[in-house]
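Here is the structure we will look at, set down as structure tokens.
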Amino acid sequence: MDLTFSPLTAGQWSALEDLFGRAGASNGCWCMYWRIGPRYRDRPREDNKRDLEQLARSGQPPGLLAFDGGTAVGWCELAPRADLGWLARGRRFRPVRRTHRHQGVMGALIAAAVGVAASAGAPALEAYPVDTAVPGHTRNLFLGVASVFAQRGFQVVARRQPDRPVMRKSLAAPT
């Protein structure tokens, strides 16, 4: 499999729609959870979809798409922490096409996200994956799997729930 990566822009919107499907990825979230929190569930899915599409059209892509040929097979939200209001206030995310699971899409997306963030001058990259080594972990793996992040140099910096570590990778040398 030869993956390529592209920022989510207006020109790539139809590829994301195809990847997320009619339901909008995780039950109509359209990747708005970290921006607005659980109230994404109280809104029509179309509102979440519209808001993500507006972000894609804004000139600052809200994430990366992974492509296998011309088909989008993975998604990674990638945004400055300041843009993710719910995350900043929260106490304690990426779909992969079913046909491409267990083929390295997640790891490749992580590597691409690290490259984009480093190029943008980000001091670090954080992730909020699921630790599948913890008994009884959530089965909602759309946020990624902790072991894959660990293989790419992310360290656990906090664990406010047993199966949900906060993982960080420093991108700039400390001063």
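Chain labels run A, B, ... following the order of the structure tokens; each chain numbers its residues from 1, and ligands are numbered from 1 in the order shown.
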
Q | Spatial neighbours of region 161-164 of chain A, max dist 8 Å, only C-alpha atoms, sep filter under 5 positions, as a list in words | A | Arg92, Tyr128, Pro129, Val130, Asp131, Thr132, Ala133, Val134, His137 and Thr138 of chain A

Same residues, all heavy atoms, output as a PDB file, in the first residue's frame:
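File produced: out35.pdb:
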ATOM      1  N   ARG A  92     -10.518  15.170  31.011  1.00  0.00           N
ATOM      2  CA  ARG A  92      -9.669  14.056  30.627  1.00  0.00           C
ATOM      3  C   ARG A  92      -8.910  14.202  29.270  1.00  0.00           C
ATOM      4  O   ARG A  92      -9.048  14.946  28.600  1.00  0.00           O
ATOM      5  CB  ARG A  92     -10.475  12.793  30.454  1.00  0.00           C
ATOM      6  CG  ARG A  92     -11.840  12.849  30.784  1.00  0.00           C
ATOM      7  CD  ARG A  92     -12.596  11.638  30.569  1.00  0.00           C
ATOM      8  NE  ARG A  92     -13.867  12.068  30.906  1.00  0.00           N
ATOM      9  CZ  ARG A  92     -14.974  11.559  30.693  1.00  0.00           C
ATOM     10  NH1 ARG A  92     -15.025  10.471  30.071  1.00  0.00           N
ATOM     11  NH2 ARG A  92     -16.058  12.056  31.055  1.00  0.00           N
ATOM     12  N   TYR A 128      -4.887  11.627  22.172  1.00  0.00           N
ATOM     13  CA  TYR A 128      -5.766  11.146  23.237  1.00  0.00           C
ATOM     14  C   TYR A 128      -6.323   9.783  22.846  1.00  0.00           C
ATOM     15  O   TYR A 128      -7.530   9.585  22.765  1.00  0.00           O
ATOM     16  CB  TYR A 128      -6.884  12.181  23.483  1.00  0.00           C
ATOM     17  CG  TYR A 128      -6.292  13.558  23.574  1.00  0.00           C
ATOM     18  CD1 TYR A 128      -6.213  14.374  22.461  1.00  0.00           C
ATOM     19  CD2 TYR A 128      -5.726  14.003  24.764  1.00  0.00           C
ATOM     20  CE1 TYR A 128      -5.606  15.618  22.530  1.00  0.00           C
ATOM     21  CE2 TYR A 128      -5.107  15.235  24.841  1.00  0.00           C
ATOM     22  CZ  TYR A 128      -5.051  16.041  23.721  1.00  0.00           C
ATOM     23  OH  TYR A 128      -4.434  17.259  23.794  1.00  0.00           O
ATOM     24  N   PRO A 129      -5.428   8.825  22.617  1.00  0.00           N
ATOM     25  CA  PRO A 129      -5.841   7.516  22.119  1.00  0.00           C
ATOM     26  C   PRO A 129      -6.405   6.619  23.218  1.00  0.00           C
ATOM     27  O   PRO A 129      -6.503   7.009  24.379  1.00  0.00           O
ATOM     28  CB  PRO A 129      -4.531   6.943  21.581  1.00  0.00           C
ATOM     29  CG  PRO A 129      -3.494   7.519  22.494  1.00  0.00           C
ATOM     30  CD  PRO A 129      -3.988   8.921  22.806  1.00  0.00           C
ATOM     31  N   VAL A 130      -6.739   5.416  22.812  1.00  0.00           N
ATOM     32  CA  VAL A 130      -7.246   4.393  23.727  1.00  0.00           C
ATOM     33  C   VAL A 130      -6.117   3.416  24.019  1.00  0.00           C
ATOM     34  O   VAL A 130      -5.421   2.961  23.105  1.00  0.00           O
ATOM     35  CB  VAL A 130      -8.445   3.651  23.095  1.00  0.00           C
ATOM     36  CG1 VAL A 130      -8.904   2.503  23.975  1.00  0.00           C
ATOM     37  CG2 VAL A 130      -9.586   4.627  22.825  1.00  0.00           C
ATOM     38  N   ASP A 131      -5.927   3.099  25.287  1.00  0.00           N
ATOM     39  CA  ASP A 131      -4.926   2.109  25.681  1.00  0.00           C
ATOM     40  C   ASP A 131      -5.602   0.750  25.700  1.00  0.00           C
ATOM     41  O   ASP A 131      -6.304   0.387  26.647  1.00  0.00           O
ATOM     42  CB  ASP A 131      -4.352   2.455  27.053  1.00  0.00           C
ATOM     43  CG  ASP A 131      -3.183   1.565  27.435  1.00  0.00           C
ATOM     44  OD1 ASP A 131      -2.999   0.497  26.795  1.00  0.00           O
ATOM     45  OD2 ASP A 131      -2.465   1.930  28.378  1.00  0.00           O
ATOM     46  N   THR A 132      -5.406  -0.007  24.634  1.00  0.00           N
ATOM     47  CA  THR A 132      -6.072  -1.302  24.498  1.00  0.00           C
ATOM     48  C   THR A 132      -5.475  -2.375  25.401  1.00  0.00           C
ATOM     49  O   THR A 132      -6.014  -3.468  25.489  1.00  0.00           O
ATOM     50  CB  THR A 132      -6.037  -1.782  23.031  1.00  0.00           C
ATOM     51  OG1 THR A 132      -4.677  -1.835  22.589  1.00  0.00           O
ATOM     52  CG2 THR A 132      -6.841  -0.841  22.131  1.00  0.00           C
ATOM     53  N   ALA A 133      -4.380  -2.052  26.105  1.00  0.00           N
ATOM     54  CA  ALA A 133      -3.802  -3.001  27.061  1.00  0.00           C
ATOM     55  C   ALA A 133      -4.549  -2.977  28.398  1.00  0.00           C
ATOM     56  O   ALA A 133      -4.350  -3.854  29.236  1.00  0.00           O
ATOM     57  CB  ALA A 133      -2.325  -2.691  27.287  1.00  0.00           C
ATOM     58  N   VAL A 134      -5.410  -1.991  28.588  1.00  0.00           N
ATOM     59  CA  VAL A 134      -6.168  -1.869  29.833  1.00  0.00           C
ATOM     60  C   VAL A 134      -7.440  -2.703  29.717  1.00  0.00           C
ATOM     61  O   VAL A 134      -8.231  -2.504  28.789  1.00  0.00           O
ATOM     62  CB  VAL A 134      -6.525  -0.391  30.123  1.00  0.00           C
ATOM     63  CG1 VAL A 134      -7.446  -0.273  31.316  1.00  0.00           C
ATOM     64  CG2 VAL A 134      -5.248   0.420  30.335  1.00  0.00           C
ATOM     65  N   HIS A 137     -11.213  -1.623  28.221  1.00  0.00           N
ATOM     66  CA  HIS A 137     -11.059  -0.362  27.493  1.00  0.00           C
ATOM     67  C   HIS A 137     -12.245  -0.137  26.553  1.00  0.00           C
ATOM     68  O   HIS A 137     -12.909  -1.077  26.135  1.00  0.00           O
ATOM     69  CB  HIS A 137      -9.743  -0.334  26.707  1.00  0.00           C
ATOM     70  CG  HIS A 137      -9.689  -1.356  25.597  1.00  0.00           C
ATOM     71  ND1 HIS A 137     -10.266  -1.156  24.369  1.00  0.00           N
ATOM     72  CD2 HIS A 137      -9.125  -2.588  25.565  1.00  0.00           C
ATOM     73  CE1 HIS A 137     -10.057  -2.219  23.606  1.00  0.00           C
ATOM     74  NE2 HIS A 137      -9.371  -3.105  24.307  1.00  0.00           N
ATOM     75  N   THR A 138     -12.471   1.130  26.240  1.00  0.00           N
ATOM     76  CA  THR A 138     -13.526   1.447  25.294  1.00  0.00           C
ATOM     77  C   THR A 138     -13.210   0.823  23.941  1.00  0.00           C
ATOM     78  O   THR A 138     -12.045   0.667  23.580  1.00  0.00           O
ATOM     79  CB  THR A 138     -13.716   2.975  25.146  1.00  0.00           C
ATOM     80  OG1 THR A 138     -14.764   3.214  24.202  1.00  0.00           O
ATOM     81  CG2 THR A 138     -12.454   3.669  24.657  1.00  0.00           C
TER      82      THR A 138
END

Region 43-146 of chain A residues near region 27-35 of chain A within 6 Å, closest pair each, using only C-alpha atoms, as a Markdown table:
| residue | atom | partner | partner_atom | distance |
| --- | --- | --- | --- | --- |
| A:Arg45 | CA | A:Gly28 | CA | 4.9 |
| A:Asn48 | CA | A:Trp30 | CA | 5.6 |
| A:Lys49 | CA | A:Trp30 | CA | 5.5 |
| A:Leu84 | CA | A:Arg35 | CA | 4.4 |
| A:Gly85 | CA | A:Arg35 | CA | 5.1 |
| A:Trp86 | CA | A:Trp34 | CA | 5.1 |
| A:Leu87 | CA | A:Trp34 | CA | 5.2 |

May I have the selected residues written with C-alpha atoms, as a JSON list (two decimals), in the first residue's frame?
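Ended up saving to again.json:
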[["chain", "number", "residue", "atom", "x", "y", "z"],
["A", 45, "ARG", "CA", -25.57, 15.86, 12.20],
["A", 48, "ASN", "CA", -21.66, 19.28, 12.67],
["A", 49, "LYS", "CA", -20.94, 18.45, 9.04],
["A", 84, "LEU", "CA", -10.07, 22.81, 20.37],
["A", 85, "GLY", "CA", -12.07, 24.57, 23.06],
["A", 86, "TRP", "CA", -13.66, 21.49, 24.57],
["A", 87, "LEU", "CA", -10.29, 19.80, 24.88]]

Q. Hey, what does DSSP flag as alpha helix (DSSP H) within region 9-156 of chain A? Can you give it to me as a PyMOL selection string?
A. chain A and resi 13-20+33-36+45-57+85-89+105-119+146-151

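Among the candidates A:Lys169, A:Leu78, A:Arg101, A:Ala158, the one nearest to Pro123 (chain A) when counting only C-alpha atoms is A:Lys169.
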
Give me the residues near Ala172 (chain A) as a PDB file with N, CA, C and O atoms, in the first residue's frame, where near means some atom within 9 Å (using only C-alpha atoms) and where sequence neighbours in that chain fewer than 6 positions away do not count.
ATOM      1  N   ALA A 118       5.524  19.769  12.920  1.00  0.00           N
ATOM      2  CA  ALA A 118       6.903  20.245  13.054  1.00  0.00           C
ATOM      3  C   ALA A 118       7.187  21.348  12.039  1.00  0.00           C
ATOM      4  O   ALA A 118       7.791  22.367  12.380  1.00  0.00           O
ATOM      5  N   GLY A 121       6.010  24.638  13.067  1.00  0.00           N
ATOM      6  CA  GLY A 121       6.660  25.197  14.240  1.00  0.00           C
ATOM      7  C   GLY A 121       6.005  24.832  15.559  1.00  0.00           C
ATOM      8  O   GLY A 121       6.295  25.453  16.583  1.00  0.00           O
ATOM      9  N   ALA A 122       5.140  23.830  15.546  1.00  0.00           N
ATOM     10  CA  ALA A 122       4.501  23.414  16.802  1.00  0.00           C
ATOM     11  C   ALA A 122       5.567  22.863  17.748  1.00  0.00           C
ATOM     12  O   ALA A 122       6.454  22.123  17.322  1.00  0.00           O
ATOM     13  N   PRO A 123       5.489  23.200  19.023  1.00  0.00           N
ATOM     14  CA  PRO A 123       6.487  22.689  19.966  1.00  0.00           C
ATOM     15  C   PRO A 123       6.274  21.226  20.317  1.00  0.00           C
ATOM     16  O   PRO A 123       7.208  20.539  20.718  1.00  0.00           O
ATOM     17  N   ALA A 124       5.034  20.759  20.186  1.00  0.00           N
ATOM     18  CA  ALA A 124       4.720  19.374  20.546  1.00  0.00           C
ATOM     19  C   ALA A 124       3.421  18.976  19.856  1.00  0.00           C
ATOM     20  O   ALA A 124       2.700  19.823  19.344  1.00  0.00           O
TER      21      ALA A 124
END

Q) Out of chain A, which residues get strand (DSSP E or B) from DSSP, as a PyMOL selection string? A) chain A and resi 3-7+63-68+71-77+96+124-127+130+145+155-159+165-170

Those same residues, written as an mmCIF file, in the first residue's frame with C-alpha atoms?
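Generated file (again_4.cif):
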data_model
loop_
_atom_site.group_PDB
_atom_site.id
_atom_site.type_symbol
_atom_site.label_atom_id
_atom_site.label_comp_id
_atom_site.auth_asym_id
_atom_site.auth_seq_id
_atom_site.Cartn_x
_atom_site.Cartn_y
_atom_site.Cartn_z
ATOM 1 C CA LEU A 3 -0.259 6.058 1.102
ATOM 2 C CA THR A 4 -0.302 9.753 0.302
ATOM 3 C CA PHE A 5 -1.510 12.551 2.564
ATOM 4 C CA SER A 6 -3.397 15.737 1.950
ATOM 5 C CA PRO A 7 -4.664 18.513 4.199
ATOM 6 C CA GLY A 63 -6.687 17.778 9.615
ATOM 7 C CA LEU A 64 -5.101 15.329 7.221
ATOM 8 C CA LEU A 65 -6.554 12.689 4.933
ATOM 9 C CA ALA A 66 -4.684 9.508 4.056
ATOM 10 C CA PHE A 67 -5.252 8.204 0.521
ATOM 11 C CA ASP A 68 -4.655 4.796 -1.001
ATOM 12 C CA THR A 71 -9.622 6.672 -2.094
ATOM 13 C CA ALA A 72 -9.503 8.362 1.297
ATOM 14 C CA VAL A 73 -8.743 5.619 3.824
ATOM 15 C CA GLY A 74 -7.898 7.544 7.009
ATOM 16 C CA TRP A 75 -8.399 10.835 8.803
ATOM 17 C CA CYS A 76 -6.445 12.649 11.485
ATOM 18 C CA GLU A 77 -7.693 15.833 13.123
ATOM 19 C CA VAL A 96 -9.871 4.420 9.210
ATOM 20 C CA ALA A 124 4.720 19.374 20.546
ATOM 21 C CA LEU A 125 1.923 17.151 19.333
ATOM 22 C CA GLU A 126 -0.653 15.627 21.682
ATOM 23 C CA ALA A 127 -2.928 12.649 21.207
ATOM 24 C CA VAL A 130 -7.246 4.393 23.727
ATOM 25 C CA VAL A 145 -4.453 3.188 19.767
ATOM 26 C CA GLN A 155 5.043 9.494 25.811
ATOM 27 C CA VAL A 156 2.203 9.220 28.312
ATOM 28 C CA VAL A 157 2.073 12.543 30.194
ATOM 29 C CA ALA A 158 -1.219 12.056 32.048
ATOM 30 C CA ARG A 159 -3.827 9.392 32.597
ATOM 31 C CA PRO A 165 -3.833 8.362 28.285
ATOM 32 C CA VAL A 166 -2.767 11.809 27.213
ATOM 33 C CA MET A 167 0.288 11.265 25.032
ATOM 34 C CA ARG A 168 2.738 13.879 23.813
ATOM 35 C CA LYS A 169 5.650 14.018 21.422
ATOM 36 C CA SER A 170 8.034 16.960 21.723
#

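The gap separating CA of Thr9 (chain A) from CA of Gln60 (chain A) is 8.1 Å, in Å to one decimal.
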
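Separating CA of Gln151 (chain A) from CA of Gly104 (chain A) is a distance of 12.0 Å.
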